[in-house]
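All remarks here apply to the structure that follows.
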Amino acid sequence: MTNDDNINIERIRSGETSEFAQLVKRYGPSLMVFVGRIVGVQEDTEDVVQNTFVAAYQHLKDYDPQKASLPTWLQRIAYHEALYHLRKRKRQVVLPLNISDDVPDELPEDTTAQQLDEAIQQLSPEDQMLQIAYIINQAGEATAREVSRLTSQLHRIRQRLRIILTHKNHE
């Protein structure tokens with residue numbers, strides 16, 4: 001671990017949480033490459049790296065520089081996050097249709113509440129929670145960056161719902 005890392009970690013542990021941005025800036029690019037090789041999809045890679053830094057921040061008090069360097073510790077977290085992501089992705093429903101930007105956000109007009117509920121059940125648990133939170137307007141306390149990420153993710157979720165419902169209506 002570099003001396004700068006030592007200083008940053010001590011500052012973060014003492015309450016200067018803004019110092020964590022320095023670690024993200026320093027190690028984010030290399031983690032993107034590392035995770036990208038495991039996950040393979042840019043969008044998923046970004047999510048996994050973000051989850052890695054969240055987990056690292058939450059467990060920074062447990063970090064011991066005598067056991068591993070900071071980059072090694074971060075890579076270990078990223079590796080486990082990537083594996084978790086891949087296992088979770090395996091369990092999700094794989095739709096035969098590709099989602100692209102030309103799929104409108106609107107659901108089919110003849111969609112019933114029961115059809116919408118059934119379609120939501122086919123989403124991953126995280127996507128279900130986000131869609132339900134959107135529906136009941138509970139996403140109010142996120143930061144601007146989180147809102148931007150969630151808005152993009154919500155757009156993709158609504159596209160998946162529309163595809164599920166359109167596919168189901170044609171069966």
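In the structure tokens, chains take the letters A, B, ... in the order shown, each chain's residues start at 1, and ligands count up from 1 in the order shown.
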Task: Shell around range 6-11 of chain A at 8 Å using only C-alpha atoms, local window under 5 positions removed, as number ranges by chain - done: A: 1, 16-17, 19-20, 22-23, 60
TODO: Do a neighbour search on Gln75 in chain A at 8 Å with only C-alpha atoms, toss out local chain neighbours closer than 4 positions, and write the hits as a list in words.
DONE: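 Near neighbours after the sequence-gap exclusion: Leu31, Phe34, Pro71 and Tyr79 of chain A.
Close contacts of Val35 in chain A, defined as residues with an atom at most 7 Å away when counting only C-alpha atoms, with chain neighbours fewer than 5 positions off set aside, comprise Thr45, Ala78 and Ala82 of chain A.
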Task: From A:Leu154, A:Val33, A:Val39, A:Leu165, residue lying nearest Tyr84 in chain A [only C-alpha atoms] - done: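 Looking only at the distances to Tyr84 in chain A, the closest residue turns out to be A:Val39.
Minimum atom-to-atom distances from A:Val49, A:Val41, A:Leu86, A:Ala119 to Tyr27 in chain A were compared using only C-alpha atoms, and the lowest value belongs to A:Val49.
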Open item on the list: Could you tell me how far CA of Tyr57 in chain A sits from CA of Thr72 in chain A, in Å to one decimal place?
Closed with: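 Separating CA of Thr72 in chain A from CA of Tyr57 in chain A is a distance of 15.0 Å.
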Open item on the list: For Glu118 in chain A, find every residue with an atom within 10 Å (counting only C-alpha atoms), except residues of its own chain fewer than 5 positions away, and show them as number ranges by chain.
Closed with: A: 112-113, 123, 161, 164-165
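From CA of Arg156 in chain A back to CA of Glu81 in chain A, the distance works out to 21.5 Å.
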